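Everything below belongs to start_4.json, which stores JSON, C-alpha atoms.
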```json
[["chain", "number", "residue", "atom", "x", "y", "z"],
["A", 160, "MET", "CA", -67.93, -199.09, 3.95],
["A", 161, "GLU", "CA", -69.63, -202.48, 3.92],
["A", 162, "HIS", "CA", -67.78, -205.49, 2.53],
["A", 163, "GLY", "CA", -68.22, -205.62, -1.24],
["A", 164, "HIS", "CA", -69.40, -202.01, -1.47],
["A", 165, "PRO", "CA", -68.06, -200.24, -4.59],
["A", 166, "GLU", "CA", -66.91, -197.20, -2.58],
["A", 167, "ARG", "CA", -64.02, -199.12, -1.02],
["A", 168, "PRO", "CA", -60.52, -198.32, 0.28],
["A", 169, "ALA", "CA", -58.87, -199.88, -2.78],
["A", 170, "ARG", "CA", -60.01, -196.87, -4.78],
["A", 171, "ILE", "CA", -57.38, -194.69, -3.11],
["A", 172, "GLY", "CA", -54.73, -197.27, -3.93],
["A", 173, "ALA", "CA", -55.76, -197.14, -7.60],
["A", 174, "VAL", "CA", -55.58, -193.33, -7.58],
["A", 175, "MET", "CA", -52.12, -193.34, -6.07],
["A", 176, "ASP", "CA", -50.97, -195.96, -8.58],
["A", 177, "GLY", "CA", -52.13, -193.57, -11.29],
["A", 178, "VAL", "CA", -50.10, -190.78, -9.72],
["A", 179, "ALA", "CA", -47.06, -193.08, -9.47],
["A", 180, "ASP", "CA", -47.35, -193.81, -13.20],
["A", 181, "LEU", "CA", -46.40, -190.17, -13.83],
["A", 182, "HIS", "CA", -42.95, -190.66, -12.24],
["A", 183, "LEU", "CA", -42.94, -187.16, -10.79],
["A", 184, "GLY", "CA", -40.18, -187.66, -8.27],
["A", 185, "SER", "CA", -39.51, -184.51, -6.26],
["A", 186, "ASP", "CA", -42.12, -182.59, -8.29],
["A", 187, "LEU", "CA", -44.85, -184.44, -6.38],
["A", 188, "LEU", "CA", -45.85, -182.88, -3.07],
["A", 189, "GLU", "CA", -47.99, -185.10, -0.85],
["A", 190, "LEU", "CA", -49.72, -183.18, 1.92],
["A", 191, "PRO", "CA", -51.43, -184.55, 5.01],
["A", 192, "ALA", "CA", -55.08, -183.68, 5.44],
["A", 193, "ARG", "CA", -56.48, -181.90, 8.45],
["A", 194, "ALA", "CA", -59.95, -182.35, 9.82],
["A", 195, "ALA", "CA", -62.49, -179.70, 8.87],
["A", 196, "THR", "CA", -63.99, -178.14, 11.98],
["A", 197, "ILE", "CA", -67.65, -178.09, 12.88],
["A", 198, "GLU", "CA", -67.65, -174.35, 12.25],
["A", 199, "GLU", "CA", -66.20, -174.84, 8.76],
["A", 200, "LEU", "CA", -68.64, -177.64, 7.92],
["A", 201, "GLY", "CA", -71.43, -175.38, 9.15],
["A", 202, "ARG", "CA", -70.86, -173.18, 6.09],
["A", 203, "ILE", "CA", -72.64, -175.81, 3.99],
["A", 204, "HIS", "CA", -74.34, -178.26, 6.37],
["A", 205, "SER", "CA", -76.93, -177.73, 9.08],
["A", 206, "SER", "CA", -75.76, -178.11, 12.66],
["A", 207, "ALA", "CA", -78.58, -180.59, 13.30],
["A", 208, "TYR", "CA", -77.36, -182.84, 10.48],
["A", 209, "LEU", "CA", -73.74, -182.69, 11.60],
["A", 210, "ASP", "CA", -74.70, -183.54, 15.17],
["A", 211, "GLN", "CA", -76.86, -186.42, 13.95],
["A", 212, "LEU", "CA", -74.11, -187.83, 11.72],
["A", 213, "ARG", "CA", -71.43, -187.58, 14.39],
["A", 214, "ARG", "CA", -73.67, -189.27, 16.96],
["A", 215, "PHE", "CA", -74.69, -192.00, 14.49],
["A", 216, "CYS", "CA", -71.05, -192.87, 13.85],
["A", 217, "SER", "CA", -70.11, -192.76, 17.52],
["A", 218, "LEU", "CA", -72.84, -195.32, 18.26],
["A", 219, "GLY", "CA", -71.40, -197.76, 15.73],
["A", 220, "GLY", "CA", -72.88, -196.56, 12.45],
["A", 221, "GLY", "CA", -74.88, -198.67, 10.03],
["A", 222, "SER", "CA", -77.00, -198.03, 6.96],
["A", 223, "LEU", "CA", -77.90, -194.39, 6.33],
["A", 224, "ASP", "CA", -79.82, -195.29, 3.17],
["A", 225, "PRO", "CA", -79.77, -198.27, 0.78],
["A", 226, "ASP", "CA", -76.49, -197.07, -0.76],
["A", 227, "THR", "CA", -74.72, -195.23, 2.04],
["A", 228, "TYR", "CA", -73.07, -196.73, 5.10],
["A", 229, "ALA", "CA", -71.10, -195.35, 8.01],
["A", 230, "HIS", "CA", -68.87, -196.97, 10.61],
["A", 231, "THR", "CA", -67.36, -195.71, 13.84],
["A", 232, "SER", "CA", -64.48, -194.11, 11.92],
["A", 233, "SER", "CA", -66.63, -192.55, 9.19],
["A", 234, "TRP", "CA", -67.14, -189.21, 10.94],
["A", 235, "ASP", "CA", -63.39, -188.71, 11.29],
["A", 236, "ALA", "CA", -62.83, -189.83, 7.68],
["A", 237, "ALA", "CA", -65.46, -187.41, 6.38],
["A", 238, "CYS", "CA", -63.97, -184.50, 8.31],
["A", 239, "LEU", "CA", -60.51, -185.32, 6.96],
["A", 240, "ALA", "CA", -61.81, -185.63, 3.39],
["A", 241, "ALA", "CA", -63.47, -182.21, 3.67],
["A", 242, "GLY", "CA", -60.43, -180.66, 5.34],
["A", 243, "ALA", "CA", -58.14, -182.01, 2.64],
["A", 244, "GLY", "CA", -59.83, -179.69, 0.17],
["A", 245, "LEU", "CA", -59.11, -176.70, 2.39],
["A", 246, "VAL", "CA", -55.45, -177.73, 2.63],
["A", 247, "ALA", "CA", -55.33, -177.99, -1.16],
["A", 248, "ILE", "CA", -56.83, -174.53, -1.60],
["A", 249, "ASP", "CA", -54.31, -172.96, 0.79],
["A", 250, "THR", "CA", -51.40, -174.78, -0.83],
["A", 251, "VAL", "CA", -52.03, -173.88, -4.45],
["A", 252, "ARG", "CA", -52.98, -170.34, -3.50],
["A", 253, "ALA", "CA", -49.58, -169.93, -1.88],
["A", 254, "GLY", "CA", -47.40, -171.86, -4.29],
["A", 255, "GLY", "CA", -49.22, -172.44, -7.57],
["A", 256, "GLY", "CA", -49.49, -175.77, -9.30],
["A", 257, "VAL", "CA", -52.45, -178.13, -9.50],
["A", 258, "ALA", "CA", -53.91, -180.01, -6.54],
["A", 259, "PHE", "CA", -55.75, -183.32, -6.62],
["A", 260, "VAL", "CA", -57.68, -184.23, -3.47],
["A", 261, "SER", "CA", -57.48, -188.00, -3.24],
["A", 262, "ALA", "CA", -59.92, -188.63, -0.41],
["A", 263, "ARG", "CA", -62.95, -190.71, 0.41],
["A", 264, "PRO", "CA", -65.82, -190.76, 1.04],
["A", 265, "PRO", "CA", -66.82, -188.63, -1.96],
["A", 266, "GLY", "CA", -69.09, -185.67, -1.46],
["A", 267, "HIS", "CA", -71.12, -184.25, -4.33],
["A", 268, "HIS", "CA", -74.42, -185.98, -3.42],
["A", 269, "ALA", "CA", -74.38, -184.77, 0.19],
["A", 270, "LEU", "CA", -77.11, -182.21, 0.83],
["A", 271, "ALA", "CA", -77.08, -179.56, 3.53],
["A", 272, "ASP", "CA", -79.08, -181.82, 5.82],
["A", 273, "ARG", "CA", -78.73, -185.33, 4.42],
["A", 274, "SER", "CA", -76.17, -187.91, 3.37],
["A", 275, "MET", "CA", -76.78, -189.94, 0.22],
["A", 276, "GLY", "CA", -75.07, -191.68, -2.68],
["A", 277, "PHE", "CA", -71.98, -192.81, -0.70],
["A", 278, "CYS", "CA", -71.46, -189.17, 0.42],
["A", 279, "LEU", "CA", -71.48, -187.88, 4.01],
["A", 280, "VAL", "CA", -70.25, -184.29, 3.69],
["A", 281, "ASN", "CA", -69.80, -182.25, 0.53],
["A", 282, "ASN", "CA", -66.06, -181.78, 0.07],
["A", 283, "VAL", "CA", -66.09, -179.63, -3.07],
["A", 284, "ALA", "CA", -68.89, -177.45, -1.71],
["A", 285, "LEU", "CA", -66.94, -176.69, 1.46],
["A", 286, "ALA", "CA", -63.92, -175.66, -0.60],
["A", 287, "ALA", "CA", -66.10, -173.45, -2.81],
["A", 288, "ALA", "CA", -67.76, -171.83, 0.20],
["A", 289, "SER", "CA", -64.37, -171.05, 1.71],
["A", 290, "LEU", "CA", -63.41, -169.28, -1.51],
["A", 291, "THR", "CA", -66.61, -167.29, -1.92],
["A", 292, "ASP", "CA", -66.30, -166.17, 1.69],
["A", 293, "ALA", "CA", -62.99, -164.66, 0.60],
["A", 294, "GLY", "CA", -64.61, -162.81, -2.32],
["A", 295, "GLU", "CA", -63.80, -165.30, -5.09],
["A", 296, "LYS", "CA", -66.04, -166.40, -7.97],
["A", 297, "VAL", "CA", -65.98, -170.18, -8.22],
["A", 298, "LEU", "CA", -66.70, -172.49, -11.15],
["A", 299, "ILE", "CA", -67.43, -176.09, -10.18],
["A", 300, "VAL", "CA", -67.18, -178.53, -13.07],
["A", 301, "ASP", "CA", -68.66, -181.94, -12.26],
["A", 302, "TRP", "CA", -67.86, -184.61, -14.85],
["A", 303, "ASP", "CA", -68.91, -187.53, -12.62],
["A", 304, "VAL", "CA", -71.37, -189.80, -14.38],
["A", 305, "HIS", "CA", -73.98, -188.98, -11.71],
["A", 306, "HIS", "CA", -75.42, -185.52, -11.19],
["A", 307, "GLY", "CA", -74.07, -183.74, -8.11],
["A", 308, "ASN", "CA", -77.46, -182.90, -6.64],
["A", 309, "GLY", "CA", -75.99, -181.88, -3.30],
["A", 310, "THR", "CA", -73.59, -179.35, -4.78],
["A", 311, "GLN", "CA", -76.30, -177.89, -6.98],
["A", 312, "ALA", "CA", -78.72, -177.55, -4.10],
["A", 313, "ILE", "CA", -76.20, -175.93, -1.76],
["A", 314, "PHE", "CA", -75.39, -173.19, -4.30],
["A", 315, "TRP", "CA", -78.82, -172.95, -5.94],
["A", 316, "ASP", "CA", -79.21, -169.28, -5.03],
["A", 317, "ASP", "CA", -75.56, -168.27, -4.91],
["A", 318, "PRO", "CA", -74.53, -166.01, -7.82],
["A", 319, "ASP", "CA", -70.84, -166.43, -6.93],
["A", 320, "VAL", "CA", -70.82, -170.15, -7.80],
["A", 321, "LEU", "CA", -71.37, -171.50, -11.30],
["A", 322, "TYR", "CA", -72.16, -175.22, -11.23],
["A", 323, "VAL", "CA", -71.68, -177.23, -14.45],
["A", 324, "SER", "CA", -72.51, -180.93, -14.68],
["A", 325, "THR", "CA", -72.33, -183.50, -17.46],
["A", 326, "HIS", "CA", -74.00, -186.74, -16.42],
["A", 327, "GLN", "CA", -75.92, -189.78, -17.63],
["A", 328, "TRP", "CA", -79.67, -189.36, -17.90],
["A", 329, "PRO", "CA", -81.80, -191.02, -16.72],
["A", 330, "CYS", "CA", -79.65, -192.18, -13.84],
["A", 331, "TYR", "CA", -79.21, -191.79, -10.09],
["A", 332, "PRO", "CA", -80.10, -189.49, -8.33],
["A", 333, "GLY", "CA", -82.76, -188.31, -10.80],
["A", 334, "THR", "CA", -81.82, -184.63, -10.78],
["A", 335, "GLY", "CA", -79.87, -182.60, -13.32],
["A", 336, "ARG", "CA", -82.38, -181.69, -15.99],
["A", 337, "SER", "CA", -81.28, -178.97, -18.36],
["A", 338, "THR", "CA", -84.17, -176.82, -17.12],
["A", 339, "GLU", "CA", -82.60, -176.65, -13.64],
["A", 340, "VAL", "CA", -80.83, -173.32, -14.15],
["A", 341, "GLY", "CA", -80.51, -171.85, -10.63],
["A", 342, "GLY", "CA", -82.68, -170.03, -8.14],
["A", 343, "ALA", "CA", -84.21, -166.58, -8.30],
["A", 344, "ALA", "CA", -81.05, -164.93, -6.98],
["A", 345, "ALA", "CA", -78.77, -166.81, -9.37],
["A", 346, "ARG", "CA", -80.59, -167.52, -12.63],
["A", 347, "GLY", "CA", -78.21, -169.21, -15.04],
["A", 348, "SER", "CA", -75.85, -170.36, -12.31],
["A", 349, "ASN", "CA", -76.43, -174.02, -13.19],
["A", 350, "VAL", "CA", -75.59, -175.66, -16.50],
["A", 351, "ASN", "CA", -76.80, -179.24, -16.60],
["A", 352, "VAL", "CA", -76.01, -181.46, -19.57],
["A", 353, "PRO", "CA", -77.92, -184.76, -19.37],
["A", 354, "LEU", "CA", -76.49, -187.42, -21.70],
["A", 355, "PRO", "CA", -77.82, -190.81, -22.85],
["A", 356, "ALA", "CA", -76.19, -194.15, -22.15],
["A", 357, "GLY", "CA", -73.38, -194.87, -24.60],
["A", 358, "THR", "CA", -72.32, -191.23, -25.02],
["A", 359, "THR", "CA", -68.71, -190.93, -26.12],
["A", 360, "GLY", "CA", -66.11, -188.28, -25.48],
["A", 361, "ASP", "CA", -66.67, -186.30, -28.65],
["A", 362, "VAL", "CA", -70.22, -185.46, -27.52],
["A", 363, "VAL", "CA", -69.08, -184.45, -24.03],
["A", 364, "ARG", "CA", -66.44, -182.20, -25.58],
["A", 365, "ARG", "CA", -69.07, -180.68, -27.84],
["A", 366, "ALA", "CA", -71.20, -180.01, -24.77],
["A", 367, "PHE", "CA", -68.37, -178.01, -23.21],
["A", 368, "ASP", "CA", -67.71, -176.08, -26.40],
["A", 369, "GLN", "CA", -71.36, -175.46, -27.24],
["A", 370, "MET", "CA", -73.15, -175.06, -23.90],
["A", 371, "VAL", "CA", -70.57, -174.52, -21.19],
["A", 372, "ALA", "CA", -67.85, -172.27, -22.59],
["A", 373, "PRO", "CA", -70.11, -169.24, -23.34],
["A", 374, "VAL", "CA", -71.53, -169.30, -19.80],
["A", 375, "VAL", "CA", -68.08, -169.64, -18.24],
["A", 376, "ASP", "CA", -66.79, -166.73, -20.32],
["A", 377, "ARG", "CA", -69.57, -164.49, -19.02],
["A", 378, "PHE", "CA", -69.14, -165.66, -15.44],
["A", 379, "GLU", "CA", -65.36, -165.05, -15.37],
["A", 380, "PRO", "CA", -64.41, -167.39, -12.52],
["A", 381, "THR", "CA", -61.39, -166.70, -10.37],
["A", 382, "TRP", "CA", -61.15, -170.34, -9.23],
["A", 383, "VAL", "CA", -62.04, -173.67, -10.84],
["A", 384, "LEU", "CA", -62.90, -176.73, -8.76],
["A", 385, "VAL", "CA", -63.55, -180.09, -10.43],
["A", 386, "SER", "CA", -65.71, -182.88, -9.07],
["A", 387, "ALA", "CA", -63.55, -185.43, -10.83],
["A", 388, "GLY", "CA", -65.57, -188.60, -10.94],
["A", 389, "PHE", "CA", -64.22, -191.22, -13.31],
["A", 390, "ASP", "CA", -67.30, -193.44, -13.40],
["A", 391, "ALA", "CA", -68.20, -192.14, -16.86],
["A", 392, "HIS", "CA", -65.45, -194.49, -18.09],
["A", 393, "ARG", "CA", -66.84, -197.25, -20.30],
["A", 394, "ALA", "CA", -65.48, -199.95, -17.94],
["A", 395, "ASP", "CA", -67.21, -198.62, -14.84],
["A", 396, "PRO", "CA", -69.80, -201.00, -13.38],
["A", 397, "LEU", "CA", -72.24, -198.40, -12.01],
["A", 398, "ALA", "CA", -73.27, -196.51, -15.17],
["A", 399, "GLU", "CA", -73.27, -196.63, -18.94],
["A", 400, "LEU", "CA", -71.41, -193.72, -20.50],
["A", 401, "SER", "CA", -68.56, -194.73, -22.80],
["A", 402, "LEU", "CA", -65.62, -192.41, -22.08],
["A", 403, "SER", "CA", -61.97, -193.44, -21.99],
["A", 404, "ALA", "CA", -58.95, -192.20, -20.06],
["A", 405, "GLY", "CA", -58.09, -190.13, -23.12],
["A", 406, "ASP", "CA", -61.43, -188.34, -22.88],
["A", 407, "PHE", "CA", -60.73, -187.34, -19.29],
["A", 408, "ALA", "CA", -57.36, -185.96, -20.42],
["A", 409, "ASP", "CA", -59.19, -183.88, -23.02],
["A", 410, "LEU", "CA", -61.66, -182.58, -20.44],
["A", 411, "ALA", "CA", -58.79, -181.70, -18.12],
["A", 412, "SER", "CA", -57.28, -179.56, -20.85],
["A", 413, "VAL", "CA", -60.61, -177.79, -21.32],
["A", 414, "VAL", "CA", -61.18, -176.97, -17.66],
["A", 415, "SER", "CA", -57.60, -175.84, -17.12],
["A", 416, "ASP", "CA", -58.26, -173.10, -19.67],
["A", 417, "TYR", "CA", -61.15, -171.88, -17.50],
["A", 418, "ALA", "CA", -58.84, -171.11, -14.58],
["A", 419, "SER", "CA", -57.80, -167.48, -14.20],
["A", 420, "GLY", "CA", -54.16, -168.39, -13.62],
["A", 421, "PRO", "CA", -51.74, -170.85, -12.01],
["A", 422, "GLY", "CA", -52.74, -171.98, -8.56],
["A", 423, "HIS", "CA", -56.46, -171.62, -9.15],
["A", 424, "LEU", "CA", -57.40, -175.21, -10.05],
["A", 425, "VAL", "CA", -58.19, -178.05, -7.62],
["A", 426, "LEU", "CA", -59.66, -181.46, -8.43],
["A", 427, "PHE", "CA", -61.65, -183.61, -5.98],
["A", 428, "LEU", "CA", -62.06, -187.35, -6.35],
["A", 429, "GLU", "CA", -65.71, -188.33, -6.65],
["A", 430, "GLY", "CA", -66.78, -191.60, -8.32],
["A", 431, "GLY", "CA", -64.88, -194.22, -10.28],
["A", 432, "TYR", "CA", -65.30, -197.86, -9.29],
["A", 433, "ASP", "CA", -63.35, -199.94, -11.82],
["A", 434, "LEU", "CA", -59.85, -199.84, -10.35],
["A", 435, "ASP", "CA", -57.93, -200.16, -13.62],
["A", 436, "ALA", "CA", -60.03, -197.47, -15.29],
["A", 437, "LEU", "CA", -59.64, -195.24, -12.25],
["A", 438, "ARG", "CA", -55.86, -195.62, -12.30],
["A", 439, "SER", "CA", -55.49, -194.87, -16.01],
["A", 440, "SER", "CA", -57.96, -191.97, -15.92],
["A", 441, "VAL", "CA", -56.26, -190.27, -12.99],
["A", 442, "SER", "CA", -52.88, -190.63, -14.67],
["A", 443, "ALA", "CA", -54.15, -189.25, -17.98],
["A", 444, "THR", "CA", -55.95, -186.35, -16.30],
["A", 445, "LEU", "CA", -53.11, -185.22, -14.06],
["A", 446, "GLY", "CA", -50.50, -185.81, -16.73],
["A", 447, "THR", "CA", -52.33, -183.42, -19.03],
["A", 448, "LEU", "CA", -52.69, -180.77, -16.35],
["A", 449, "ILE", "CA", -49.01, -180.73, -15.40],
["A", 450, "GLY", "CA", -47.63, -181.08, -18.92],
["A", 451, "ALA", "CA", -46.44, -184.63, -18.45],
["A", 452, "PRO", "CA", -48.81, -186.65, -20.62],
["A", 453, "VAL", "CA", -48.64, -190.43, -20.42],
["A", 454, "PRO", "CA", -49.70, -193.02, -23.00],
["A", 455, "SER", "CA", -53.38, -193.75, -22.52],
["A", 456, "GLU", "CA", -56.47, -194.93, -24.32],
["A", 457, "PRO", "CA", -57.40, -192.68, -27.24],
["A", 458, "PRO", "CA", -60.44, -190.39, -26.96],
["A", 459, "THR", "CA", -63.73, -191.95, -28.02],
["A", 460, "SER", "CA", -66.24, -190.90, -30.65],
["A", 461, "GLY", "CA", -69.27, -192.06, -32.56],
["A", 462, "GLY", "CA", -71.72, -192.59, -29.71],
["A", 463, "PRO", "CA", -75.19, -191.12, -29.27],
["A", 464, "GLY", "CA", -76.06, -187.82, -27.65],
["A", 465, "ARG", "CA", -75.84, -185.08, -30.26],
["A", 466, "GLU", "CA", -79.59, -184.71, -30.64],
["A", 467, "GLN", "CA", -80.10, -184.81, -26.88],
["A", 468, "LEU", "CA", -77.46, -182.11, -26.49],
["A", 469, "ASP", "CA", -79.28, -179.81, -28.87],
["A", 470, "VAL", "CA", -82.56, -180.44, -27.07],
["A", 471, "ALA", "CA", -80.91, -179.73, -23.71],
["A", 472, "GLU", "CA", -79.59, -176.41, -24.99],
["A", 473, "GLN", "CA", -83.03, -175.41, -26.26],
["A", 474, "ARG", "CA", -84.74, -176.36, -23.01],
["A", 475, "ARG", "CA", -82.16, -174.51, -20.94],
["A", 476, "GLY", "CA", -82.69, -171.38, -23.06],
["A", 477, "ALA", "CA", -86.45, -171.62, -22.63],
["A", 478, "ALA", "CA", -86.10, -172.07, -18.86],
["A", 479, "LEU", "CA", -83.91, -168.99, -18.59],
["A", 480, "HIS", "CA", -86.62, -166.90, -20.25],
["A", 481, "GLU", "CA", -89.36, -168.11, -17.91],
["A", 482, "GLN", "CA", -90.32, -166.18, -14.81],
["A", 483, "PRO", "CA", -88.48, -167.62, -11.79]]
```

Would it be possible to restate this file's structure as structure tokens?
Amino acid sequence: MEHGHPERPARIGAVMDGVADLHLGSDLLELPARAATIEELGRIHSSAYLDQLRRFCSLGGGSLDPDTYAHTSSWDAACLAAGAGLVAIDTVRAGGGVAFVSARPPGHHALADRSMGFCLVNNVALAAASLTDAGEKVLIVDWDVHHGNGTQAIFWDDPDVLYVSTHQWPCYPGTGRSTEVGGAAARGSNVNVPLPAGTTGDVVRRAFDQMVAPVVDRFEPTWVLVSAGFDAHRADPLAELSLSAGDFADLASVVSDYASGPGHLVLFLEGGYDLDALRSSVSATLGTLIGAPVPSEPPTSGGPGREQLDVAEQRRGAALHEQP
């Protein structure tokens, strides 16, 4: 990425520092990524887009949009980031545990035929598509501060994928209204929870208990994938929610209960651009999931959002009763 761009290589260093803070020793298994193939990427992206992106990078890259850049190595990096998710799926399916895909560029804004929002290919969507092809029912929980418009669009009419997003509203990319509930073939397959600036963790937790949990219970997922963006942290420079590392630990506990059993939970790094906040949030999240909690910031409370949450629930209910 361009010099000074927030989606920078130092993010991976911060993530790995957060993992090191857990002192896992031999319990930590670090796996090399493999490149996703064109055929695999074709499950979620158009061949024309993939050809265009590969050619653009081979010619030296440049600006894809005002936020998104690519260099000569970006095609290879994107294929490895997407393939890392497939390696994670295979590994936890075979041996249990929890996998965290520490890869960049992120993916949840990437549409079937367009890059945007720092994202070139949609890593979590490829993993989900690989699972639904095998007959699984997949829940994608996206707690990034920005709505994952690409993931939602890719699975808009897919009844085997339930997409849940909590995100700041209004904010980039402008999608994620509570009335966006899924296409005609998959009504109710999207649960969007738009939240105002300053929202604290207690309101996000209430959103999961009040709006998300009943839908997840009815859906009965066999796998849970998390678009784990940590830019909802109060220190992050790109948005204005007010969560702490302790809030992400709480959310991790919630989503782990959605998984049908061990070896059915994989997290994918999305946003998170303050390096200290990213490190502490990753450590708190993974520590909770593996039963090795670490000291972290306490959960937050007292911010706005309760009224907006109730309105969102009402609007979602009304949208579900409308003719598609």

Size and centre in Å, one decimal, axis-aligned box, all listed stretch 467-471 of chain A atoms plus 3 Å per side, as AutoDock Vina command-line options:
```
--center_x -80.0 --center_y -182.3 --center_z -26.3 --size_x 11.1 --size_y 11.1 --size_z 11.2
```

Practice item. Would you kindly return, as a list in words, each protein, DNA or RNA residue with an atom no farther than 6 Å from any atom of A:Ala286, considering all atoms listed in the file and excluding same-chain residues fewer than 2 positions away? Key: Gly244, Leu245, Val283, Ala284, Ala288 and Ser289 of chain A

Could you produce a table of the residues of stretch 270-320 of chain A lying within 10 Å of stretch 417-433 of chain A, with the nearest pair of atoms per residue and their separation in Å rounded to one decimal, using all atoms listed in the file, ordered by chain and increasing residue number, as JSON lines?
```
{"residue": "A:Phe277", "atom": "CA", "partner": "A:Gly430", "partner_atom": "CA", "distance": 9.3}
{"residue": "A:Cys278", "atom": "CA", "partner": "A:Glu429", "partner_atom": "CA", "distance": 9.2}
{"residue": "A:Asn282", "atom": "CA", "partner": "A:Phe427", "partner_atom": "CA", "distance": 7.7}
{"residue": "A:Val283", "atom": "CA", "partner": "A:Phe427", "partner_atom": "CA", "distance": 6.6}
{"residue": "A:Ala286", "atom": "CA", "partner": "A:Val425", "partner_atom": "CA", "distance": 9.4}
{"residue": "A:Val297", "atom": "CA", "partner": "A:Ala418", "partner_atom": "CA", "distance": 9.6}
{"residue": "A:Leu298", "atom": "CA", "partner": "A:Tyr417", "partner_atom": "CA", "distance": 8.5}
{"residue": "A:Ile299", "atom": "CA", "partner": "A:Leu426", "partner_atom": "CA", "distance": 9.6}
{"residue": "A:Val300", "atom": "CA", "partner": "A:Leu426", "partner_atom": "CA", "distance": 9.3}
{"residue": "A:Asp301", "atom": "CA", "partner": "A:Glu429", "partner_atom": "CA", "distance": 9.0}
{"residue": "A:Trp302", "atom": "CA", "partner": "A:Glu429", "partner_atom": "CA", "distance": 9.3}
{"residue": "A:Asp303", "atom": "CA", "partner": "A:Gly430", "partner_atom": "CA", "distance": 6.3}
{"residue": "A:Val304", "atom": "CA", "partner": "A:Gly430", "partner_atom": "CA", "distance": 7.8}
{"residue": "A:His305", "atom": "CA", "partner": "A:Gly430", "partner_atom": "CA", "distance": 8.4}
{"residue": "A:Gly307", "atom": "CA", "partner": "A:Glu429", "partner_atom": "CA", "distance": 9.6}
```

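Minimum atom-to-atom distance to A:Gly357, evaluated using only C-alpha atoms, belongs to A:Ser403 out of A:Ser324, A:Thr381, A:Thr334, A:Ser403.
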
Practice item. Please identify all polymer residues within 8 Å of A:Pro463, counting only C-alpha atoms, omitting same-chain residues fewer than 5 positions from it, and present them as a PyMOL selection string. Key: chain A and resi 355-359+362

Exercise for review: Might you pull out every residue within 10 Å of A:Thr310, with all atoms listed in the file counted and same-chain residues fewer than 4 positions away left off, and present them as a count of residues only?
Suggested key: 20

Practice item. Please provide the set of residues having any atom within 12 Å of A:Arg336, restricted to only C-alpha atoms, with same-chain residues fewer than 4 positions apart removed, written as an NGL selection string. Key: :A and (305-308 or 311 or 323-330 or 332 or 340-341 or 349-354 or 467-468 or 470-472 or 474-475 or 478)

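Between atom CA of A:Arg393 and atom CA of A:Thr444 there is a distance of 15.9 Å.
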
Review point. Could you name the residues that touch A:Leu188 at 12 Å or less, counting only C-alpha atoms, but leaving out those on the same chain fewer than 3 positions away, as a VMD selection string?
Key: chain A and resid 178 183 to 185 191 247 250 to 251 254 to 260

Review point. When you draw a straight line from atom CA of A:Val174 to atom CA of A:Arg438, how long is it in Å?
Key: 5.3 Å

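Taking atom CA of A:Thr459 as the reference point, atom CA of A:Arg365 is found at 12.5 Å.
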
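When all atoms listed in the file are used to compute distances to A:Asp361, the closest of the residues A:Ala408, A:Val375, A:Leu402, A:Cys216 turns out to be A:Leu402.
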
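Minimum atom-to-atom distance to A:Ser460, evaluated using all atoms listed in the file, belongs to A:Ser401 out of A:Ser337, A:Ser412, A:Ser401, A:Ser442.
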
Counting all atoms listed in the file, give me one row per residue of stretch 258-300 of chain A with an atom at most 7 Å from an atom of stretch 234-237 of chain A, showing the shortest contact pair and its distance in Å to one decimal, sorted by chain then residue number, as CSV.
```
residue,atom,partner,partner_atom,distance
A:Pro264,CA,A:Ala237,CA,6.3
A:Leu279,CA,A:Ala237,CA,6.5
A:Val280,CA,A:Ala237,CA,6.3
```
